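Trainee: I have a structure I would like to understand better, so I am pasting it below and will then ask my questions one at a time.
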Amino acid sequence: MQEKYISNAVSGKSSRPLICLLVAFMLALLAVPSAVAADQNETFVVQNPITLPSGIKLGQLDISWVDKFARVYLLADDLNASVDMVDLNSNTLTMITPTGANKFAGFPTDPNVPGHNEISGPNGIATVNHAEIWAPDSPTFSGPIVKSSNLATAYATDNCDSSIKVISLISLQVTDNINIGGCFRSDELAFDENTQTVLVANPSEENIGKGVSLPYITLVDARPVAPGQSHPIITKITFDGTNGTPNATNGIEQSVWSPETGNFYIAVPQDGSDPTVGAVAVVNGGLARLGDNPVIRKFNVKNCNPNGAALGPNHELYLGCTPQATQVIDVRDGSPLATISQVAGCDEVYSIPGHFLGACGGAAGISDSDSLQFDQKIAGISHSIAGDPVSLQIFAPAAANSVLCGASPNNGCIAVIASAVTQASVTPLTLTTTQSSVVLDASASTSASGTLTYVFNILPGGPVPAVLVSGSKATVQFVNGPGTYLLQLTVTDANGGTSTSPVITLTYQPSGPGTGGGGASPVTIVVTGPVGSTGTSANTFVTNTSQVTLNASQSTSTNSGALTYSWSVPQGAASATILQGNTATPLIQFKALGTYTVTLTVTDATGASATSTITIQYL
């Protein structure tokens, strides 16, 4: 089987107005025109490629992904045992290569199946809450693979611990290694942001005398966990034709989540014994969390073995069929909408405003997502493709000596394909301040279409809590504790057209007294957790009690005099209440189970202060 891939979800009718976003902070300015309008006759051309570090070759690879908010393109690169990350503001490449117990499987040697991608990794790739990379991987082996026709003998050393590596987009370090329990690779995945659930497929399971012997999916709880803990598995479902599932006799492929319906849609190349019949499984993460069967529907498709799946602007599900022509069905009932005969043999497919993209037969197949008509092909790519919905740039890895990579010989590249019309330009905004309260001003943003409305959002990934005062106005006040924050601005004009800025990175580094900025505070905060709690490292506590007391009385300052204390929870966190918030030992009341963050600021007699964030899990 070929490698298979994942795509993003785009729902709702796309609108592409021309809005200029201007965000002023101190002396910094951000200008972001919106992405250009797309039409059926639009022509895409090859741009300057993103090259690899010296001595690195691009070869065996898998899924790619774009996070438009975090402004990154990600590629699962199993030949180099890495996740290759491109900063979309600068098109610079970083290769994330974990080591030690968290290293990726890479591309190991298998004497039974040369070039065996079913034990390679990473494979799938996606982001969760714009703060984490989730990268499925293959199992580890306690010894060499033996050459034998008996699978139980050949893979006797298989630990059957295929996994998902969770990587922080801030530190680029592995924060969790989730054991999915497959004897072969974990692959495609998608993220349900409503129920905070990740769905991942193990498409290639075989009977080796242990573990699951049929293709299956796993639903994983993606909500944050305390340091040292692993994300829990919600349920596993074998695709064996029972309980409403397809009989996945030829694997499980690309999945996508729809914010419109709240469901996952999973491409299954073959349902049962008929090789001309494929399927799309419809899975609901909310039902899984309730303990019910989450497989709610199955759409069968004739003359299509779907590998890729991407959502369009008007209920379309774009299916990359192999080896047949691409088909488009209605995501609501599975009814056929179109066949695009010029685009066939697709693995990964993707969608950006105005266009469906497919990695098909060694070429990028581009189709219009409004008319469902073919646009053009660009030859020379491998079987992975993704696009940036902000700039409308297309990213596709190309193998060594591809003409898309420039002069030959070369070690491959990430090809960049863009509209021939003028592209939107963005200037990244990275700011550092010594002030805990700053003002962001977007009032210089313009559009030809009437009055503008503004929404500033704090993206996941930074310290918490942080407060935007009047976040729906052109001028907002940002109140925060020390650390790095990710923000984003969306502006909407009178006609409903919108434009979104790249991520604004704001770092607050408080100054010490009399240092003029940047000095260390003389105040040291020490917090003791509630009685009976666990996990007291790094100011993270786990408790089963709805009312707890924190203790900061061991905090100190090198200056003499009494300390004062100020505790707070994020604005809008109505399910947690702080009593006696100006003492060293506040009482905190929780109204519901969940994860809570509390900020403590300690100030000494000279006015010097320090701030710390405490995380409490009430389970």
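Numbering starts fresh at 1 for the residues of each chain in the structure tokens, the chains themselves are lettered A, B, ... in the order given, and ligands are numbered from 1 as they appear.
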Write out as a list in words which residues come within 10 Å of A:Cys183 when counting only C-alpha atoms, dropping same-chain ones fewer than 3 positions away.
Mentor: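 With the cut-off at 10 Å, the set is Glu118, Ile119, Ser138, Pro139, Thr140, Phe141, Tyr155, Asp158, Asn159, Cys160, Asp161, Ser162, Ile180, Ser186, Asn202, Ser204, Glu205, Glu206, Asn207, Ile208, Lys210, Gly211, Val212 and Ser213 of chain A.
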Trainee: Could you name the residues that touch A:Phe107 at 9 Å or less, counting only C-alpha atoms, but leaving out those on the same chain fewer than 4 positions away, as JSON, numbers by chain?
Mentor: {"A": [60, 78, 79, 80, 81, 115, 116, 117, 119, 120, 121]}
Trainee: Keeping only N, CA, C and O atoms, write the selected residues to a file as a PDB file, in the first residue's frame.
Mentor:
ATOM      1  N   GLN A  60      11.614   8.954   1.998  1.00  0.00           N
ATOM      2  CA  GLN A  60      10.407   8.339   2.537  1.00  0.00           C
ATOM      3  C   GLN A  60       9.706   9.331   3.458  1.00  0.00           C
ATOM      4  O   GLN A  60      10.283   9.828   4.429  1.00  0.00           O
ATOM      5  N   ASP A  78       9.764  10.200   7.795  1.00  0.00           N
ATOM      6  CA  ASP A  78      10.278   9.021   8.491  1.00  0.00           C
ATOM      7  C   ASP A  78      11.679   8.632   8.044  1.00  0.00           C
ATOM      8  O   ASP A  78      12.400   7.965   8.783  1.00  0.00           O
ATOM      9  N   LEU A  79      12.103   9.028   6.840  1.00  0.00           N
ATOM     10  CA  LEU A  79      13.479   8.732   6.443  1.00  0.00           C
ATOM     11  C   LEU A  79      14.467   9.377   7.399  1.00  0.00           C
ATOM     12  O   LEU A  79      15.496   8.783   7.760  1.00  0.00           O
ATOM     13  N   ASN A  80      14.161  10.598   7.846  1.00  0.00           N
ATOM     14  CA  ASN A  80      15.052  11.322   8.749  1.00  0.00           C
ATOM     15  C   ASN A  80      14.578  11.285  10.197  1.00  0.00           C
ATOM     16  O   ASN A  80      15.123  11.991  11.043  1.00  0.00           O
ATOM     17  N   ALA A  81      13.542  10.451  10.492  1.00  0.00           N
ATOM     18  CA  ALA A  81      13.016  10.298  11.849  1.00  0.00           C
ATOM     19  C   ALA A  81      12.735  11.659  12.479  1.00  0.00           C
ATOM     20  O   ALA A  81      13.136  11.941  13.605  1.00  0.00           O
ATOM     21  N   GLY A 115      11.953  -1.943   2.379  1.00  0.00           N
ATOM     22  CA  GLY A 115      11.234  -0.685   2.290  1.00  0.00           C
ATOM     23  C   GLY A 115       9.879  -0.730   2.963  1.00  0.00           C
ATOM     24  O   GLY A 115       8.912  -0.151   2.489  1.00  0.00           O
ATOM     25  N   HIS A 116       9.811  -1.418   4.093  1.00  0.00           N
ATOM     26  CA  HIS A 116       8.540  -1.677   4.761  1.00  0.00           C
ATOM     27  C   HIS A 116       8.084  -0.443   5.538  1.00  0.00           C
ATOM     28  O   HIS A 116       8.509  -0.197   6.662  1.00  0.00           O
ATOM     29  N   ASN A 117       7.171   0.340   4.942  1.00  0.00           N
ATOM     30  CA  ASN A 117       6.730   1.549   5.609  1.00  0.00           C
ATOM     31  C   ASN A 117       5.772   1.262   6.767  1.00  0.00           C
ATOM     32  O   ASN A 117       5.476   2.149   7.570  1.00  0.00           O
ATOM     33  N   ILE A 119       6.354  -0.285   9.391  1.00  0.00           N
ATOM     34  CA  ILE A 119       7.048  -0.207  10.683  1.00  0.00           C
ATOM     35  C   ILE A 119       7.902   1.050  10.760  1.00  0.00           C
ATOM     36  O   ILE A 119       8.834   1.136  11.552  1.00  0.00           O
ATOM     37  N   SER A 120       7.594   2.051   9.902  1.00  0.00           N
ATOM     38  CA  SER A 120       8.352   3.299   9.896  1.00  0.00           C
ATOM     39  C   SER A 120       7.540   4.403  10.556  1.00  0.00           C
ATOM     40  O   SER A 120       6.338   4.287  10.763  1.00  0.00           O
ATOM     41  N   GLY A 121       8.204   5.509  10.874  1.00  0.00           N
ATOM     42  CA  GLY A 121       7.505   6.639  11.472  1.00  0.00           C
ATOM     43  C   GLY A 121       8.441   7.825  11.674  1.00  0.00           C
ATOM     44  O   GLY A 121       9.665   7.673  11.644  1.00  0.00           O
TER      45      GLY A 121
END
Trainee: Figure out the distance between atom CA of A:Pro227 and atom CA of A:Gln589, please, to one decimal in Å.
Mentor: 23.1 Å
Trainee: Find the spatial neighbours of stretch 598-604 of chain A, counting only C-alpha atoms, within a cut-off of 9 Å - ignore same-chain residues fewer than 3 positions away - and output them as a PyMOL selection string.
Mentor: chain A and resi 464-465+481+522-525+552+555-557+559-570+607-616
Trainee: Got time to write the residues from that selection, N, CA, C and O atoms, as a tab-separated table (two decimals), in the first residue's frame?
Mentor:
chain	number	residue	atom	x	y	z
A	464	VAL	N	-0.83	30.68	31.43
A	464	VAL	CA	-2.21	31.05	31.71
A	464	VAL	C	-2.33	31.42	33.18
A	464	VAL	O	-1.57	30.92	34.00
A	465	PRO	N	-3.24	32.32	33.56
A	465	PRO	CA	-4.19	32.98	32.68
A	465	PRO	C	-3.62	34.24	32.06
A	465	PRO	O	-2.62	34.77	32.52
A	481	GLY	N	0.88	37.44	32.97
A	481	GLY	CA	2.02	37.12	33.81
A	481	GLY	C	3.25	36.89	32.96
A	481	GLY	O	3.17	36.85	31.73
A	522	PRO	N	13.78	40.17	43.29
A	522	PRO	CA	14.28	39.61	44.55
A	522	PRO	C	13.27	38.69	45.22
A	522	PRO	O	13.60	38.02	46.19
A	523	VAL	N	12.04	38.63	44.69
A	523	VAL	CA	10.98	37.83	45.29
A	523	VAL	C	11.03	36.41	44.73
A	523	VAL	O	11.11	36.22	43.51
A	524	THR	N	10.97	35.42	45.61
A	524	THR	CA	10.89	34.01	45.22
A	524	THR	C	9.58	33.43	45.73
A	524	THR	O	9.27	33.53	46.92
A	525	ILE	N	8.80	32.85	44.82
A	525	ILE	CA	7.49	32.30	45.19
A	525	ILE	C	7.62	30.80	45.43
A	525	ILE	O	8.18	30.08	44.60
A	552	ALA	N	1.23	29.86	50.20
A	552	ALA	CA	2.41	30.55	49.66
A	552	ALA	C	3.21	31.22	50.75
A	552	ALA	O	4.04	32.11	50.47
A	555	SER	N	7.09	31.80	50.65
A	555	SER	CA	7.69	32.73	49.68
A	555	SER	C	8.57	33.74	50.43
A	555	SER	O	8.30	34.10	51.58
A	556	THR	N	9.62	34.22	49.76
A	556	THR	CA	10.59	35.10	50.41
A	556	THR	C	10.99	36.24	49.48
A	556	THR	O	10.72	36.21	48.27
A	557	SER	N	11.66	37.22	50.04
A	557	SER	CA	12.30	38.30	49.27
A	557	SER	C	13.62	38.64	49.94
A	557	SER	O	13.74	38.56	51.17
A	559	ASN	N	14.69	41.55	50.08
A	559	ASN	CA	14.42	42.81	50.77
A	559	ASN	C	13.67	42.54	52.06
A	559	ASN	O	12.93	41.56	52.17
A	560	SER	N	13.86	43.40	53.04
A	560	SER	CA	13.18	43.23	54.33
A	560	SER	C	11.75	43.72	54.22
A	560	SER	O	11.38	44.44	53.30
A	561	GLY	N	10.92	43.33	55.19
A	561	GLY	CA	9.55	43.80	55.23
A	561	GLY	C	8.56	42.71	54.87
A	561	GLY	O	8.93	41.61	54.43
A	562	ALA	N	7.29	43.03	55.08
A	562	ALA	CA	6.22	42.05	54.85
A	562	ALA	C	5.92	41.89	53.37
A	562	ALA	O	6.14	42.78	52.56
A	563	LEU	N	5.41	40.70	53.02
A	563	LEU	CA	4.98	40.42	51.66
A	563	LEU	C	3.47	40.54	51.55
A	563	LEU	O	2.74	40.27	52.52
A	564	THR	N	3.00	40.92	50.39
A	564	THR	CA	1.55	40.92	50.12
A	564	THR	C	1.27	39.94	48.98
A	564	THR	O	2.14	39.69	48.13
A	565	TYR	N	0.04	39.42	48.96
A	565	TYR	CA	-0.31	38.34	48.04
A	565	TYR	C	-1.56	38.73	47.25
A	565	TYR	O	-2.51	39.31	47.81
A	566	SER	N	-1.57	38.36	45.97
A	566	SER	CA	-2.75	38.60	45.13
A	566	SER	C	-2.98	37.37	44.25
A	566	SER	O	-2.16	37.05	43.39
A	567	TRP	N	-4.11	36.66	44.48
A	567	TRP	CA	-4.46	35.46	43.73
A	567	TRP	C	-5.60	35.79	42.78
A	567	TRP	O	-6.50	36.56	43.10
A	568	SER	N	-5.60	35.16	41.60
A	568	SER	CA	-6.69	35.39	40.66
A	568	SER	C	-6.85	34.17	39.76
A	568	SER	O	-5.94	33.36	39.61
A	569	VAL	N	-8.07	34.02	39.20
A	569	VAL	CA	-8.35	33.03	38.17
A	569	VAL	C	-8.64	33.79	36.89
A	569	VAL	O	-8.94	34.99	36.91
A	570	PRO	N	-8.54	33.13	35.70
A	570	PRO	CA	-8.78	33.84	34.44
A	570	PRO	C	-10.16	34.46	34.40
A	570	PRO	O	-11.13	33.92	34.94
A	607	GLY	N	8.07	47.17	46.74
A	607	GLY	CA	7.32	47.21	45.49
A	607	GLY	C	7.79	46.19	44.47
A	607	GLY	O	7.16	46.04	43.41
A	608	ALA	N	8.87	45.48	44.75
A	608	ALA	CA	9.32	44.42	43.83
A	608	ALA	C	8.36	43.25	43.90
A	608	ALA	O	7.80	42.95	44.96
A	609	SER	N	8.17	42.56	42.76
A	609	SER	CA	7.18	41.49	42.74
A	609	SER	C	7.62	40.35	41.83
A	609	SER	O	8.55	40.50	41.03
A	610	ALA	N	6.95	39.25	41.98
A	610	ALA	CA	7.11	38.09	41.09
A	610	ALA	C	5.73	37.47	40.90
A	610	ALA	O	4.84	37.61	41.75
A	611	THR	N	5.55	36.80	39.76
A	611	THR	CA	4.27	36.18	39.44
A	611	THR	C	4.49	34.72	39.06
A	611	THR	O	5.46	34.38	38.39
A	612	SER	N	3.58	33.86	39.52
A	612	SER	CA	3.68	32.44	39.22
A	612	SER	C	2.29	31.91	38.86
A	612	SER	O	1.27	32.42	39.35
A	613	THR	N	2.27	30.90	37.98
A	613	THR	CA	1.02	30.25	37.59
A	613	THR	C	0.96	28.86	38.20
A	613	THR	O	1.92	28.09	38.10
A	614	ILE	N	-0.16	28.53	38.81
A	614	ILE	CA	-0.37	27.24	39.45
A	614	ILE	C	-1.50	26.52	38.72
A	614	ILE	O	-2.54	27.13	38.42
A	615	THR	N	-1.30	25.24	38.40
A	615	THR	CA	-2.32	24.44	37.73
A	615	THR	C	-2.89	23.42	38.72
A	615	THR	O	-2.14	22.72	39.39
A	616	ILE	N	-4.23	23.35	38.79
A	616	ILE	CA	-4.90	22.41	39.69
A	616	ILE	C	-5.84	21.56	38.86
A	616	ILE	O	-6.70	22.09	38.14
Trainee: Run DSSP on the backbone and grab whatever in stretch 125-259 of chain A lands in strand (DSSP E); send it over as number ranges by chain.
Mentor: A: 126-128, 132-137, 163-168, 174-179, 189-192, 197-202, 216-221, 233-238, 255-257
Trainee: Could you turn the residues from that selection into a file that holds N, CA and C atoms, as a compact mmCIF listing (two decimals), in the first residue's frame?
Mentor:
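Generated file (out38.txt):
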# COMPACT_ATOMS: atom_id res chain seq x y z
N ALA A 126 -0.67 16.35 12.72
CA ALA A 126 -1.72 17.36 12.88
C ALA A 126 -1.37 18.17 14.12
N THR A 127 -2.02 19.31 14.27
CA THR A 127 -1.84 20.11 15.48
C THR A 127 -3.10 20.05 16.33
N VAL A 128 -2.92 20.22 17.63
CA VAL A 128 -4.02 20.23 18.58
C VAL A 128 -4.02 21.57 19.30
N GLU A 132 0.18 22.15 20.04
CA GLU A 132 0.91 20.89 20.08
C GLU A 132 0.91 20.22 18.70
N ILE A 133 2.00 19.53 18.39
CA ILE A 133 2.07 18.65 17.23
C ILE A 133 1.79 17.23 17.73
N TRP A 134 0.85 16.53 17.08
CA TRP A 134 0.61 15.13 17.37
C TRP A 134 1.08 14.32 16.16
N ALA A 135 2.06 13.44 16.39
CA ALA A 135 2.70 12.70 15.30
C ALA A 135 2.67 11.20 15.59
N PRO A 136 1.79 10.44 14.93
CA PRO A 136 1.76 8.97 15.13
C PRO A 136 3.05 8.30 14.66
N ASP A 137 3.40 7.22 15.35
CA ASP A 137 4.68 6.55 15.10
C ASP A 137 4.46 5.04 15.09
N SER A 163 2.54 4.43 18.71
CA SER A 163 2.30 5.54 19.62
C SER A 163 1.94 6.81 18.88
N ILE A 164 1.59 7.82 19.66
CA ILE A 164 1.51 9.20 19.18
C ILE A 164 2.49 10.01 20.03
N LYS A 165 3.43 10.68 19.36
CA LYS A 165 4.32 11.60 20.06
C LYS A 165 3.65 12.98 20.08
N VAL A 166 3.56 13.58 21.26
CA VAL A 166 3.02 14.93 21.41
C VAL A 166 4.18 15.89 21.61
N ILE A 167 4.28 16.90 20.74
CA ILE A 167 5.41 17.82 20.75
C ILE A 167 4.90 19.24 20.96
N SER A 168 5.45 19.94 21.93
CA SER A 168 5.07 21.33 22.19
C SER A 168 5.56 22.23 21.05
N VAL A 174 9.20 16.66 23.10
CA VAL A 174 8.13 15.69 23.30
C VAL A 174 7.62 15.80 24.73
N THR A 175 6.31 16.03 24.87
CA THR A 175 5.70 16.16 26.20
C THR A 175 4.89 14.92 26.58
N ASP A 176 4.59 14.06 25.61
CA ASP A 176 3.85 12.83 25.91
C ASP A 176 4.12 11.83 24.80
N ASN A 177 4.17 10.55 25.18
CA ASN A 177 4.33 9.45 24.23
C ASN A 177 3.18 8.48 24.50
N ILE A 178 2.08 8.63 23.74
CA ILE A 178 0.84 7.91 24.01
C ILE A 178 0.90 6.54 23.35
N ASN A 179 0.82 5.49 24.14
CA ASN A 179 0.87 4.12 23.62
C ASN A 179 -0.49 3.74 23.05
N LEU A 189 -4.59 10.82 11.37
CA LEU A 189 -5.32 11.29 12.55
C LEU A 189 -6.02 12.61 12.24
N ALA A 190 -7.02 12.93 13.05
CA ALA A 190 -7.75 14.19 12.95
C ALA A 190 -8.15 14.61 14.35
N PHE A 191 -8.45 15.91 14.52
CA PHE A 191 -8.71 16.48 15.84
C PHE A 191 -10.08 17.14 15.87
N ASP A 192 -10.89 16.74 16.85
CA ASP A 192 -12.20 17.32 17.10
C ASP A 192 -12.04 18.37 18.18
N THR A 197 -11.04 15.66 21.17
CA THR A 197 -10.78 14.26 20.91
C THR A 197 -9.94 14.11 19.65
N VAL A 198 -8.92 13.27 19.70
CA VAL A 198 -8.11 12.92 18.53
C VAL A 198 -8.48 11.51 18.09
N LEU A 199 -8.70 11.34 16.79
CA LEU A 199 -8.94 10.02 16.21
C LEU A 199 -7.72 9.64 15.38
N VAL A 200 -7.16 8.46 15.64
CA VAL A 200 -5.98 7.99 14.91
C VAL A 200 -6.25 6.56 14.43
N ALA A 201 -5.74 6.24 13.24
CA ALA A 201 -5.95 4.92 12.64
C ALA A 201 -4.68 4.09 12.69
N ASN A 202 -4.85 2.80 12.96
CA ASN A 202 -3.81 1.79 12.76
C ASN A 202 -4.26 0.94 11.57
N TYR A 216 -7.79 -0.81 13.02
CA TYR A 216 -8.65 -0.24 14.05
C TYR A 216 -8.38 1.25 14.20
N ILE A 217 -9.31 1.96 14.83
CA ILE A 217 -9.11 3.36 15.17
C ILE A 217 -9.09 3.49 16.68
N THR A 218 -8.41 4.54 17.15
CA THR A 218 -8.36 4.85 18.58
C THR A 218 -8.79 6.30 18.76
N LEU A 219 -9.66 6.55 19.74
CA LEU A 219 -10.02 7.91 20.11
C LEU A 219 -9.32 8.25 21.42
N VAL A 220 -8.59 9.37 21.41
CA VAL A 220 -7.74 9.76 22.53
C VAL A 220 -8.22 11.10 23.09
N ASP A 221 -8.23 11.21 24.41
CA ASP A 221 -8.59 12.47 25.08
C ASP A 221 -7.44 13.46 24.89
N ILE A 233 -6.75 7.04 26.68
CA ILE A 233 -7.48 6.52 25.53
C ILE A 233 -8.95 6.42 25.91
N ILE A 234 -9.83 6.94 25.04
CA ILE A 234 -11.27 6.89 25.28
C ILE A 234 -11.84 5.54 24.85
N THR A 235 -11.52 5.11 23.62
CA THR A 235 -12.01 3.83 23.14
C THR A 235 -11.23 3.41 21.91
N LYS A 236 -11.27 2.11 21.60
CA LYS A 236 -10.71 1.56 20.36
C LYS A 236 -11.83 0.84 19.62
N ILE A 237 -11.83 0.97 18.30
CA ILE A 237 -12.88 0.35 17.49
C ILE A 237 -12.23 -0.38 16.31
N THR A 238 -12.46 -1.68 16.23
CA THR A 238 -11.95 -2.47 15.13
C THR A 238 -12.88 -2.34 13.93
N SER A 255 -8.38 10.83 7.54
CA SER A 255 -9.58 11.25 8.27
C SER A 255 -9.61 12.76 8.36
N VAL A 256 -10.82 13.29 8.56
CA VAL A 256 -11.00 14.73 8.67
C VAL A 256 -12.16 14.97 9.61
N TRP A 257 -12.13 16.07 10.37
CA TRP A 257 -13.21 16.42 11.28
C TRP A 257 -13.93 17.65 10.76
Trainee: Which distance in Å separates atom CA of A:Lys591 and atom CA of A:Gln617, to one decimal?
Mentor: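 Between atom CA of A:Lys591 and atom CA of A:Gln617 the gap works out to 12.5 Å.
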Trainee: Can you tell me which residues surround stretch 296-311 of chain A at a distance of at most 7 Å, considering only C-alpha atoms, apart from same-chain residues fewer than 2 positions away, and format the answer as a ChimeraX atom specification?
Mentor: /A:4-11,244,253-256,267-270,276-284,294,313,316-322,324,334,346-351
Trainee: What separation in Å, quoted to one decimal, exists between atom CA of A:Thr153 and atom CA of A:Thr99?
Mentor: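 Atom CA of A:Thr153 sits 28.9 Å away from atom CA of A:Thr99.
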Trainee: What residues in stretch 218-311 of chain A get the DSSP label alpha helix (DSSP H)? Please answer as a ChimeraX atom specification.
Mentor: /A:285-289
